[in-house]
$ cat my_file.cif   # mmCIF, C-alpha atoms and all ligand atoms
data_input
loop_
_atom_site.label_atom_id
_atom_site.label_comp_id
_atom_site.auth_asym_id
_atom_site.auth_seq_id
_atom_site.Cartn_x
_atom_site.Cartn_y
_atom_site.Cartn_z
CA MET A 176 87.19 57.17 129.82
CA LYS A 177 86.60 60.71 131.11
CA CYS A 178 84.23 63.44 129.98
CA ASP A 179 85.47 66.67 128.41
CA LEU A 180 83.80 69.85 129.51
CA ILE A 181 83.09 73.30 128.08
CA VAL A 182 82.36 76.10 130.54
CA GLY A 183 81.68 79.84 130.29
CA ILE A 184 84.25 81.97 132.10
CA GLN A 185 82.53 85.36 132.26
CA TRP A 186 78.83 86.33 132.53
CA GLY A 187 77.68 84.00 129.75
CA ASP A 188 77.43 84.71 126.02
CA GLU A 189 81.16 84.07 125.58
CA GLY A 190 80.59 82.24 122.29
CA LYS A 191 80.24 78.72 123.71
CA GLY A 192 77.82 77.93 120.89
CA LYS A 193 80.49 78.09 118.19
CA ILE A 194 82.89 75.90 120.18
CA VAL A 195 80.38 73.25 121.24
CA ASP A 196 79.10 73.06 117.67
CA LEU A 197 82.66 72.56 116.46
CA MET A 198 83.49 70.01 119.16
CA ALA A 199 80.17 68.14 119.10
CA GLN A 200 81.15 66.72 115.71
CA ASN A 201 83.82 64.62 117.47
CA TYR A 202 81.77 63.23 120.36
CA ASP A 203 79.35 60.32 120.75
CA VAL A 204 77.38 61.86 123.62
CA VAL A 205 76.71 65.54 124.38
CA CYS A 206 75.13 66.54 127.71
CA ARG A 207 73.64 69.65 129.29
CA TYR A 208 73.90 69.70 133.07
CA GLN A 209 72.37 72.95 134.40
CA GLY A 210 70.29 76.00 133.52
CA GLY A 211 67.24 75.95 131.34
CA HIS A 212 65.85 77.79 128.36
CA ASN A 213 67.41 81.00 129.69
CA ALA A 214 70.44 79.86 127.68
CA GLY A 215 70.52 79.92 123.93
CA HIS A 216 72.46 80.07 120.75
CA THR A 217 71.55 80.02 117.11
CA ILE A 218 73.25 77.91 114.50
CA VAL A 219 73.08 78.40 110.78
CA VAL A 220 72.99 75.12 108.86
CA GLY A 221 72.72 75.70 105.12
CA ASP A 222 69.72 77.99 104.63
CA LYS A 223 68.20 77.13 108.01
CA THR A 224 68.68 78.98 111.30
CA LEU A 225 68.19 76.75 114.32
CA ALA A 226 67.72 78.03 117.87
CA LEU A 227 69.01 75.84 120.68
CA HIS A 228 67.98 76.61 124.25
CA LEU A 229 67.74 73.22 125.94
CA ILE A 230 68.75 70.59 123.41
CA PRO A 231 72.52 69.92 123.46
CA SER A 232 74.57 70.87 120.41
CA GLY A 233 75.19 67.23 119.53
CA VAL A 234 71.78 67.33 117.82
CA LEU A 235 73.58 68.54 114.70
CA ASN A 236 75.83 65.48 114.67
CA PRO A 237 73.67 62.62 113.37
CA ASN A 238 75.93 60.09 115.13
CA ALA A 239 75.70 61.66 118.59
CA ILE A 240 73.15 61.16 121.32
CA ASN A 241 72.08 64.09 123.48
CA ILE A 242 71.32 64.12 127.18
CA ILE A 243 69.47 66.73 129.21
CA GLY A 244 70.69 65.97 132.73
CA ASN A 245 68.93 66.07 136.09
CA GLY A 246 70.51 69.45 136.92
CA VAL A 247 68.64 71.21 134.10
CA VAL A 248 65.25 72.82 134.75
CA ILE A 249 62.96 72.02 131.85
CA SER A 250 59.99 73.95 130.59
CA PRO A 251 58.11 71.14 128.80
CA GLU A 252 56.42 73.74 126.63
CA ALA A 253 59.72 75.33 125.53
CA LEU A 254 61.35 71.94 124.96
CA ILE A 255 58.47 70.62 122.86
CA GLU A 256 58.59 73.75 120.71
CA GLU A 257 62.36 73.48 120.29
CA MET A 258 62.15 69.80 119.36
CA GLN A 259 59.78 70.63 116.52
CA GLN A 260 62.69 72.13 114.57
CA PHE A 261 64.23 68.68 114.24
CA GLY A 262 61.47 66.23 113.40
CA GLY A 263 61.95 62.93 115.22
CA LEU A 264 64.59 62.72 117.93
CA VAL A 265 63.65 59.38 119.46
CA GLY A 266 66.85 57.50 120.26
CA ARG A 267 68.91 60.67 119.89
CA LEU A 268 67.58 62.74 122.81
CA PHE A 269 67.28 61.55 126.40
CA ILE A 270 65.78 63.60 129.21
CA SER A 271 66.59 62.80 132.83
CA ASP A 272 63.58 61.60 134.79
CA LYS A 273 65.08 63.49 137.73
CA ALA A 274 65.18 66.90 135.98
CA HIS A 275 62.77 69.41 137.49
CA MET A 276 60.02 71.05 135.49
CA ILE A 277 59.42 74.74 134.96
CA LEU A 278 55.65 75.12 134.96
CA GLU A 279 53.67 78.21 134.04
CA TYR A 280 53.37 79.38 137.64
CA HIS A 281 57.17 79.52 137.93
CA ILE A 282 57.33 81.85 134.95
CA LEU A 283 54.58 84.06 136.36
CA ILE A 284 56.30 84.21 139.77
CA ASP A 285 59.63 85.11 138.13
CA GLN A 286 58.03 87.98 136.23
CA ALA A 287 55.96 89.15 139.22
CA ARG A 288 59.02 89.18 141.50
CA GLU A 289 61.00 91.19 139.00
CA ARG A 290 58.16 93.73 138.80
CA LEU A 291 57.95 93.92 142.61
CA ARG A 292 61.72 94.36 142.94
CA GLY A 293 61.50 97.51 140.80
CA ALA A 294 64.88 99.25 140.66
CA LYS A 295 66.44 96.27 142.47
CA ALA A 296 65.40 93.78 139.79
CA ILE A 297 67.94 91.06 138.91
CA GLY A 298 67.18 91.47 135.22
CA THR A 299 66.27 87.79 134.79
CA THR A 300 65.29 86.30 131.46
CA GLY A 301 61.76 85.90 132.84
CA ARG A 302 61.78 82.19 132.03
CA GLY A 303 60.92 80.93 135.54
CA ILE A 304 64.44 79.66 136.24
CA GLY A 305 64.83 81.00 139.81
CA PRO A 306 61.38 79.90 141.04
CA ALA A 307 61.80 76.41 139.51
CA TYR A 308 65.16 75.87 141.23
CA GLY A 309 63.57 77.41 144.35
CA SER A 310 60.79 74.79 144.27
CA LYS A 311 63.41 72.05 143.88
CA ILE A 312 65.44 73.23 146.86
CA GLU A 313 62.41 73.80 149.09
CA ARG A 314 61.16 70.32 148.05
CA SER A 315 57.91 71.37 146.43
CA GLY A 316 59.13 70.91 142.85
CA HIS A 317 58.15 68.24 140.36
CA ARG A 318 60.36 66.05 138.25
CA ILE A 319 59.95 65.13 134.59
CA GLY A 320 59.59 61.47 135.66
CA GLU A 321 56.31 62.39 137.38
CA LEU A 322 54.75 62.87 133.94
CA ARG A 323 54.42 59.08 133.99
CA ASP A 324 51.34 59.58 136.20
CA THR A 325 49.64 62.86 135.27
CA GLN A 326 46.59 62.17 137.46
CA LYS A 327 48.73 62.04 140.59
CA LEU A 328 50.87 64.97 139.48
CA ALA A 329 47.85 67.20 138.74
CA HIS A 330 46.43 66.39 142.20
CA SER A 331 49.69 67.26 143.89
CA LEU A 332 49.95 70.57 142.02
CA VAL A 333 46.37 71.61 142.70
CA GLU A 334 46.87 70.80 146.38
CA TYR A 335 49.99 72.99 146.39
CA PHE A 336 48.12 75.86 144.69
CA GLU A 337 45.32 75.60 147.28
CA THR A 338 47.78 75.73 150.19
CA TYR A 339 49.50 78.85 148.87
CA LYS A 340 46.42 80.45 147.31
CA ALA A 341 46.86 83.71 149.21
CA ILE A 342 50.40 84.15 147.93
CA PHE A 343 49.36 83.52 144.32
CA GLU A 344 46.50 86.01 144.73
CA ALA A 345 48.83 88.64 146.16
CA MET A 346 51.02 88.28 143.07
CA ASP A 347 47.97 88.48 140.80
CA ILE A 348 48.66 84.99 139.45
CA LYS A 349 45.70 82.93 138.22
CA ILE A 350 46.02 79.33 139.33
CA PRO A 351 44.71 76.50 137.14
CA ASN A 352 42.02 74.06 138.30
CA PHE A 353 42.48 70.27 138.23
CA ASP A 354 41.06 69.74 134.72
CA GLU A 355 43.16 72.52 133.20
CA MET A 356 46.27 71.22 134.93
CA LYS A 357 45.64 67.60 133.95
CA SER A 358 45.05 68.38 130.27
CA THR A 359 48.24 70.51 130.09
CA LEU A 360 50.25 67.73 131.74
CA ASP A 361 48.78 65.16 129.36
CA VAL A 362 50.06 67.14 126.40
CA TYR A 363 53.54 67.29 127.97
CA ALA A 364 53.48 63.57 128.82
CA LYS A 365 52.46 62.54 125.31
CA ALA A 366 55.19 64.59 123.67
CA LEU A 367 58.01 63.84 126.11
CA SER A 368 57.44 60.27 127.33
CA PRO A 369 59.52 58.62 124.58
CA TYR A 370 62.54 60.62 125.72
CA ILE A 371 62.37 60.23 129.51
CA GLU A 372 65.21 58.07 130.80
CA ASP A 373 67.52 57.27 133.70
CA THR A 374 70.25 59.41 132.14
CA THR A 375 72.70 58.88 135.02
CA SER A 376 72.96 55.19 134.10
CA LEU A 377 73.13 56.14 130.43
CA VAL A 378 76.17 58.41 130.94
CA TRP A 379 77.90 55.77 133.08
CA LYS A 380 77.23 53.14 130.42
CA SER A 381 78.57 55.45 127.72
CA LEU A 382 81.80 55.93 129.68
CA ASP A 383 82.11 52.20 130.36
CA GLU A 384 81.75 51.58 126.63
CA GLU A 385 84.56 54.10 125.98
CA LYS A 386 82.26 56.56 124.23
CA ARG A 387 83.47 60.14 123.93
CA VAL A 388 81.32 62.35 126.16
CA LEU A 389 81.13 66.16 126.02
CA LEU A 390 79.55 68.21 128.80
CA GLU A 391 78.14 71.56 127.72
CA GLY A 392 77.85 74.29 130.36
CA ALA A 393 75.35 77.12 130.03
CA GLN A 394 75.63 80.73 131.27
CA GLY A 395 79.00 81.57 132.84
CA THR A 396 81.09 81.31 136.00
CA LEU A 397 80.28 84.81 137.26
CA LEU A 398 76.57 83.89 137.13
CA ASP A 399 77.12 80.84 139.37
CA ILE A 400 74.73 80.73 142.34
CA ASP A 401 77.60 80.25 144.86
CA HIS A 402 80.67 81.67 143.20
CA GLY A 403 79.23 84.44 141.00
CA THR A 404 78.17 88.02 141.69
CA TYR A 405 75.31 87.08 144.04
CA PRO A 406 72.44 88.02 144.03
CA PHE A 407 72.86 89.08 140.38
CA VAL A 408 73.37 85.51 139.24
CA THR A 409 71.35 82.69 137.77
CA SER A 410 70.03 79.97 140.08
CA SER A 411 72.25 77.05 139.09
CA SER A 412 75.84 75.84 139.54
CA THR A 413 77.31 77.02 136.27
CA ILE A 414 80.89 75.95 137.06
CA SER A 415 82.49 72.65 136.04
CA ALA A 416 81.70 71.05 139.41
CA GLY A 417 78.00 71.56 138.56
CA ALA A 418 78.37 68.88 135.90
CA CYS A 419 78.91 66.22 138.57
CA ILE A 420 75.70 67.13 140.37
CA GLY A 421 73.74 67.86 137.21
CA LEU A 422 74.45 64.50 135.59
CA GLY A 423 75.36 62.13 138.42
CA LEU A 424 79.09 61.98 137.68
CA SER A 425 81.94 61.82 140.15
CA PRO A 426 84.74 64.45 140.04
CA LYS A 427 86.99 61.64 138.74
CA ASP A 428 84.83 61.40 135.61
CA ILE A 429 85.81 64.88 134.44
CA GLY A 430 88.78 65.07 132.07
CA ASN A 431 89.78 68.06 129.96
CA VAL A 432 88.14 71.40 130.80
CA THR A 433 87.97 74.24 128.27
CA GLY A 434 87.00 77.71 129.48
CA ILE A 435 85.31 79.90 126.90
CA VAL A 436 86.15 83.58 127.24
CA LYS A 437 85.57 86.64 125.11
CA ALA A 438 88.54 88.88 124.22
CA TYR A 439 86.57 91.65 125.99
CA CYS A 440 83.64 91.31 128.37
CA THR A 441 79.84 91.57 128.33
CA ARG A 442 76.97 91.13 130.74
CA VAL A 443 73.17 91.05 130.30
CA GLY A 444 70.89 91.99 133.15
CA ASN A 445 71.77 93.97 136.26
CA GLY A 446 74.60 93.69 138.76
CA PRO A 447 78.19 94.86 139.16
CA PHE A 448 80.51 94.87 136.15
CA PRO A 449 83.81 96.57 137.09
CA THR A 450 85.22 96.87 133.56
CA GLU A 451 82.01 98.08 131.91
CA ASP A 452 82.70 100.92 129.46
CA LEU A 453 79.79 103.33 129.38
CA GLY A 454 81.49 105.56 126.80
CA ASN A 455 82.14 105.27 123.09
CA ASP A 456 84.41 102.21 123.34
CA GLY A 457 81.62 100.20 124.99
CA LYS A 458 79.26 101.25 122.19
CA ILE A 459 81.77 100.16 119.53
CA LEU A 460 82.26 96.77 121.21
CA GLY A 461 78.47 96.28 121.31
CA LYS A 462 78.03 97.28 117.67
CA ASN A 463 80.96 95.33 116.24
CA GLY A 464 80.31 92.31 118.44
CA HIS A 465 76.53 92.28 117.71
CA GLU A 466 75.98 92.14 121.43
CA PHE A 467 72.30 91.39 121.87
CA GLY A 468 70.94 88.58 124.08
CA THR A 469 70.00 85.44 122.12
CA THR A 470 67.08 84.59 124.38
CA THR A 471 65.65 88.02 125.19
CA GLY A 472 67.15 90.29 122.50
CA ARG A 473 68.31 92.73 125.19
CA PRO A 474 71.45 94.79 124.39
CA ARG A 475 74.43 93.48 126.36
CA ARG A 476 76.54 95.78 128.51
CA CYS A 477 80.11 95.85 127.17
CA GLY A 478 83.57 96.49 128.59
CA TRP A 479 87.18 95.39 128.77
CA PHE A 480 88.78 92.03 129.55
CA ASP A 481 88.81 91.48 133.31
CA ALA A 482 91.86 89.29 133.98
CA VAL A 483 91.21 89.18 137.75
CA ALA A 484 87.81 87.58 137.17
CA VAL A 485 89.12 85.26 134.43
CA LYS A 486 92.01 84.03 136.60
CA TYR A 487 89.51 83.24 139.37
CA ALA A 488 87.14 81.52 136.96
CA SER A 489 89.93 79.50 135.38
CA ARG A 490 91.01 78.22 138.80
CA ILE A 491 87.53 77.42 140.05
CA ASN A 492 86.73 75.43 136.90
CA GLY A 493 90.14 73.75 136.65
CA CYS A 494 90.58 74.99 133.07
CA ASP A 495 93.22 73.18 131.03
CA GLN A 496 92.98 75.86 128.36
CA LEU A 497 90.96 78.88 127.30
CA SER A 498 89.23 79.41 123.97
CA LEU A 499 89.55 83.13 123.28
CA MET A 500 86.51 84.27 121.35
CA LYS A 501 85.74 87.31 119.19
CA LEU A 502 89.31 88.64 119.02
CA ASP A 503 88.36 90.34 115.74
CA VAL A 504 85.85 92.60 117.54
CA LEU A 505 88.88 94.47 118.94
CA ASP A 506 90.10 95.28 115.38
CA GLY A 507 90.29 99.02 114.81
CA PHE A 508 90.85 100.24 118.37
CA ASP A 509 93.93 102.53 118.82
CA LYS A 510 94.38 101.18 122.34
CA VAL A 511 92.96 98.09 124.08
CA LYS A 512 92.87 97.51 127.82
CA ILE A 513 93.11 94.59 130.24
CA CYS A 514 92.11 94.95 133.89
CA THR A 515 94.92 93.29 135.85
CA ALA A 516 93.90 94.34 139.38
CA TYR A 517 91.18 96.18 141.30
CA GLU A 518 91.44 99.19 143.55
CA ILE A 519 89.29 98.71 146.65
CA GLU A 520 89.31 101.39 149.34
CA GLY A 521 92.66 102.66 148.04
CA LYS A 522 94.30 99.21 148.06
CA ARG A 523 95.42 97.11 145.08
CA VAL A 524 93.65 93.74 145.04
CA GLU A 525 94.41 90.90 142.61
CA THR A 526 91.82 88.35 143.77
CA LEU A 527 88.08 88.38 143.31
CA PRO A 528 86.36 89.79 146.42
CA GLN A 529 82.96 88.63 147.71
CA SER A 530 81.30 91.73 146.28
CA LEU A 531 82.21 93.50 143.05
CA GLU A 532 80.39 96.70 144.08
CA ASN A 533 82.44 99.92 144.36
CA ILE A 534 85.52 98.55 142.67
CA LYS A 535 87.84 100.57 140.46
CA PRO A 536 89.53 98.54 137.72
CA ILE A 537 93.28 99.05 137.28
CA TYR A 538 94.09 98.74 133.59
CA GLU A 539 97.14 98.01 131.51
CA GLU A 540 96.91 99.53 128.06
CA PHE A 541 98.21 98.04 124.82
CA ASP A 542 98.50 99.23 121.22
CA GLY A 543 95.59 98.07 119.09
CA TRP A 544 95.60 96.35 115.71
CA ASN A 545 93.67 95.81 112.52
CA GLY A 546 93.09 92.80 110.33
CA SER A 547 92.56 89.88 112.71
CA ARG A 548 89.12 89.13 111.21
CA GLY A 549 88.96 85.74 109.57
CA VAL A 550 92.61 84.83 110.29
CA ASP A 551 93.00 81.07 110.68
CA LYS A 552 96.75 80.78 111.37
CA TYR A 553 98.47 82.21 114.43
CA GLU A 554 101.43 83.43 112.31
CA ASP A 555 99.03 85.63 110.30
CA LEU A 556 97.74 87.55 113.33
CA PRO A 557 98.98 91.15 113.68
CA GLN A 558 101.88 91.31 116.20
CA ASN A 559 99.89 93.52 118.64
CA ALA A 560 97.07 90.94 118.67
CA LYS A 561 99.63 88.20 119.40
CA ASP A 562 101.03 90.30 122.27
CA TYR A 563 97.50 90.74 123.63
CA VAL A 564 96.91 86.98 123.63
CA LYS A 565 100.28 86.38 125.34
CA LYS A 566 99.39 88.94 128.02
CA ILE A 567 96.08 87.17 128.66
CA GLU A 568 97.92 83.87 129.12
CA GLU A 569 100.40 85.53 131.45
CA VAL A 570 97.91 87.33 133.71
CA THR A 571 95.36 84.52 133.88
CA GLY A 572 97.95 81.74 134.23
CA THR A 573 96.08 79.67 131.64
CA LYS A 574 97.17 78.86 128.11
CA VAL A 575 95.02 79.82 125.14
CA GLY A 576 94.29 76.78 122.99
CA LEU A 577 92.00 78.34 120.40
CA ILE A 578 91.36 81.84 119.06
CA SER A 579 88.16 82.75 117.26
CA THR A 580 88.37 85.51 114.67
CA GLY A 581 84.83 85.42 113.27
CA PRO A 582 81.54 83.53 113.54
CA ASP A 583 82.28 80.99 110.83
CA ARG A 584 83.83 77.62 111.71
CA SER A 585 86.73 78.39 109.36
CA GLU A 586 87.52 81.64 111.21
CA THR A 587 89.33 79.79 113.98
CA ILE A 588 92.98 79.41 115.00
CA ILE A 589 93.89 76.17 116.78
CA LEU A 590 97.09 76.53 118.79
P1 LIG A 601 67.74 83.95 135.07
O1 LIG A 601 68.73 82.88 134.77
O2 LIG A 601 66.69 84.11 134.02
O3 LIG A 601 67.15 83.83 136.45
O4 LIG A 601 68.53 85.36 135.08
C1 LIG A 601 69.49 85.69 136.08
C2 LIG A 601 70.65 86.45 135.47
O5 LIG A 601 71.39 85.58 134.61
C3 LIG A 601 70.25 87.65 134.62
O6 LIG A 601 71.24 88.65 134.76
C4 LIG A 601 70.29 87.10 133.20
O7 LIG A 601 70.52 88.12 132.25
C5 LIG A 601 71.49 86.17 133.31
N1 LIG A 601 71.45 85.07 132.33
C6 LIG A 601 70.69 83.96 132.38
N2 LIG A 601 70.94 83.18 131.31
C7 LIG A 601 71.89 83.79 130.60
C8 LIG A 601 72.60 83.44 129.41
O8 LIG A 601 72.40 82.39 128.79
N3 LIG A 601 73.54 84.35 129.00
C9 LIG A 601 73.81 85.48 129.68
N4 LIG A 601 73.18 85.84 130.79
C10 LIG A 601 72.23 85.00 131.26
#
$ encode --input "my_file.cif" --output "structure tokens" --more "lines below"
Ligand code: IMP
Amino acid sequence: MKCDLIVGIQWGDEGKGKIVDLMAQNYDVVCRYQGGHNAGHTIVVGDKTLALHLIPSGVLNPNAINIIGNGVVISPEALIEEMQQFGGLVGRLFISDKAHMILEYHILIDQARERLRGAKAIGTTGRGIGPAYGSKIERSGHRIGELRDTQKLAHSLVEYFETYKAIFEAMDIKIPNFDEMKSTLDVYAKALSPYIEDTTSLVWKSLDEEKRVLLEGAQGTLLDIDHGTYPFVTSSSTISAGACIGLGLSPKDIGNVTGIVKAYCTRVGNGPFPTEDLGNDGKILGKNGHEFGTTTGRPRRCGWFDAVAVKYASRINGCDQLSLMKLDVLDGFDKVKICTAYEIEGKRVETLPQSLENIKPIYEEFDGWNGSRGVDKYEDLPQNAKDYVKKIEEVTGTKVGLISTGPDRSETIIL
């Protein structure tokens, strides 16, 4: 048995939420493998709106179990709050004992660094993601499993704060004393202990028992720490290969890979975005696509479909197919554009360079359409929309397996 995987192809916010919610109904196990509560999507179930940041989407399938893998950085506070939406999750949610914790000082460092960077700020979500992964890599981090002995953990943290006192003071960060630290950790331990598990063995066992396992990526390929638009990236491996590290799987355990991509392109935070449209078209995309960040509420920057970046992302993730989201947001445009190459120092380039600064997009223009909203059969799409989808398949070299024409589950075309 192999795991299926969902991965974001652009700068996140591609609409993964709708697809994982749809797919999670057909899986026994749903796993997150990277990122933290910087990710997020909301789901409407009846008259309730649920916000998911850390808990995998399988939580809405009563028959599925959900795993938060070792590659995720977990704010115990954020997770406990999120869990409260669901009542009891014992036996349905498992948290890797190897996952690293985001503690308050990580959040304060993230926000202080952004302030100090001034105009050069990354535009992070301010959730402590970078500093928590930083602690992990520099080997001063702490794992969820350490909540099993809060006395020892509090000692270790206070010792760390003492050693780096001058740095915390320079950043104007108040450090907790032992008692404060211990009582905070005790709250976390009490709430999370029933869920802490060796999730690597659990995923292996699930595969051995022929369970269907879905791996849910967060953020997107262009935010990957190695392969994205560094330094304007998040601090984890957002690509499909990250699932191996973030869960303890081998590359041979990965089966079908679906890349989620918007029919246009958006980005939150700072950094290069070659196809950004700063004019009226960008405003229309933002308005019609309701482009505001789920976690921070920030307006997203909007622009045209970048086929060079999508082709790269599709290859790096090994995508078997793309799910093309929000096609209906392009309804009403006279002309729509796809960037099929870049101009760099007067030369035409069709591969993604190391830096996306100072790049001019080369566009191909197509006639627009109306009336794709809510369409659920390919035959019913306007011809120009069909031509647009075909062009995307042609220039990215990846077939489109699903088209989304609205937020509702029914507003979906399966090809
Ligand atoms: P961080 O992950 O909070 O460190 O933020 C680093 C960059 O990733 C910023 O540009 C954020 O806007 C972006 N980012 C992080 N999480 C998401 C997400 O879920 N969707 C879109 N962008 C994200």
$ residues_near_ligand --input "my_file.cif" --ligand "ligand LIG 601 (chain A)" --cutoff "8 Å" --atoms "only C-alpha atoms and all ligand atoms" --output "PyMOL selection string"
chain A and resi 186-188+210-215+285+297-305+393-395+398+407-410+442-446+468-470
$ closest_residue --input "my_file.cif" --among "A:Lys386, A:Lys427, A:Lys510, A:Lys311" --to "A:Asn201" --atoms "all atoms listed in the file"
A:Lys386
$ closest_atom_pairs --input "my_file.cif" --of "stretch 385-464 of chain A" --to "stretch 177-180 of chain A" --cutoff "8 Å" --atoms "only C-alpha atoms" --output "CSV"
residue,atom,partner,partner_atom,distance
A:Arg387,CA,A:Cys178,CA,6.9
A:Val388,CA,A:Cys178,CA,4.9
A:Leu389,CA,A:Asp179,CA,5.0
A:Leu390,CA,A:Leu180,CA,4.6
A:Glu391,CA,A:Leu180,CA,6.2
A:Gly392,CA,A:Leu180,CA,7.5
A:Ser415,CA,A:Leu180,CA,7.2
A:Lys427,CA,A:Lys177,CA,7.7
A:Asp428,CA,A:Lys177,CA,4.9
A:Ile429,CA,A:Cys178,CA,4.9
A:Gly430,CA,A:Lys177,CA,5.0
A:Asn431,CA,A:Asp179,CA,4.8
A:Val432,CA,A:Leu180,CA,4.8
A:Thr433,CA,A:Leu180,CA,6.2
$ residues_around --input "my_file.cif" --residues "stretch 567-569 of chain A" --least-positions-apart "3" --cutoff "12 Å" --atoms "all atoms listed in the file" --output "ChimeraX atom specification"
/A:436-439,480-486,489,495-499,502,512-515,539,541,560-564,572-578
$ atom_distance --input "my_file.cif" --atom1 "atom CA of A:Ile414" --atom2 "atom CA of A:Gly183"
7.8 Å
$ atom_distance --input "my_file.cif" --atom1 "atom CA of A:Ala226" --atom2 "atom CA of A:Ala239"
18.2 Å
$ closest_atom_pairs --input "my_file.cif" --of "stretch 412-469 of chain A" --to "stretch 260-284 of chain A" --cutoff "12 Å" --atoms "all atoms listed in the file" --output "tab-separated table"
residue	atom	partner	partner_atom	distance
A:Ile420	CA	A:Ala274	CA	11.4
A:Gly421	CA	A:Ala274	CA	8.7
A:Leu422	CA	A:Ser271	CA	8.5
A:Gly423	CA	A:Lys273	CA	10.4
$ atom_distance --input "my_file.cif" --atom1 "atom CA of A:Thr580" --atom2 "atom CA of A:Ala516"
26.8 Å
$ residues_around --input "my_file.cif" --residues "A:Ser411" --least-positions-apart "2" --cutoff "8 Å" --atoms "only C-alpha atoms" --output "VMD selection string"
chain A and resid 209 to 210 308 399 to 400 409 413 417
$ closest_residue --input "my_file.cif" --among "A:Val204, A:Met356, A:Leu254, A:Val524" --to "A:Thr374" --atoms "all atoms listed in the file"
A:Val204
$ closest_residue --input "my_file.cif" --among "A:Asp324, A:Pro582, A:Leu424, A:Gly309" --to "A:Cys206" --atoms "only C-alpha atoms"
A:Leu424
$ residues_around --input "my_file.cif" --residues "A:Leu322" --least-positions-apart "2" --cutoff "8 Å" --atoms "all atoms listed in the file" --output "ChimeraX atom specification"
/A:318-320,324-325,328,360-361,363-364,368
$ closest_residue --input "my_file.cif" --among "A:Asn463, A:Ser376, A:Ser310, A:Thr217" --to "A:Val248" --atoms "all atoms listed in the file"
A:Ser310
$ closest_residue --input "my_file.cif" --among "A:Ile589, A:Ile243, A:Ala294, A:Met176" --to "A:Leu197" --atoms "only C-alpha atoms"
A:Ile589
$ residues_around --input "my_file.cif" --residues "A:Leu505" --least-positions-apart "4" --cutoff "8 Å" --atoms "all atoms listed in the file" --output "PyMOL selection string"
chain A and resi 438-439+460+501+511+543-544
$ residues_around --input "my_file.cif" --residues "A:Pro447" --least-positions-apart "2" --cutoff "9 Å" --atoms "all atoms listed in the file" --output "compact mmCIF listing (two decimals) with C-alpha atoms, in the frame of the given file"
# COMPACT_ATOMS: atom_id res chain seq x y z
CA THR A 404 78.17 88.02 141.69
CA PHE A 407 72.86 89.08 140.38
CA ASN A 445 71.77 93.97 136.26
CA PRO A 449 83.81 96.57 137.09
CA GLU A 451 82.01 98.08 131.91
CA SER A 530 81.30 91.73 146.28
CA LEU A 531 82.21 93.50 143.05
CA GLU A 532 80.39 96.70 144.08
CA ASN A 533 82.44 99.92 144.36
CA ILE A 534 85.52 98.55 142.67
$ closest_residue --input "my_file.cif" --among "A:Thr359, A:Asn241, A:Lys380, A:Gln185" --to "A:Gly478" --atoms "all atoms listed in the file"
A:Gln185
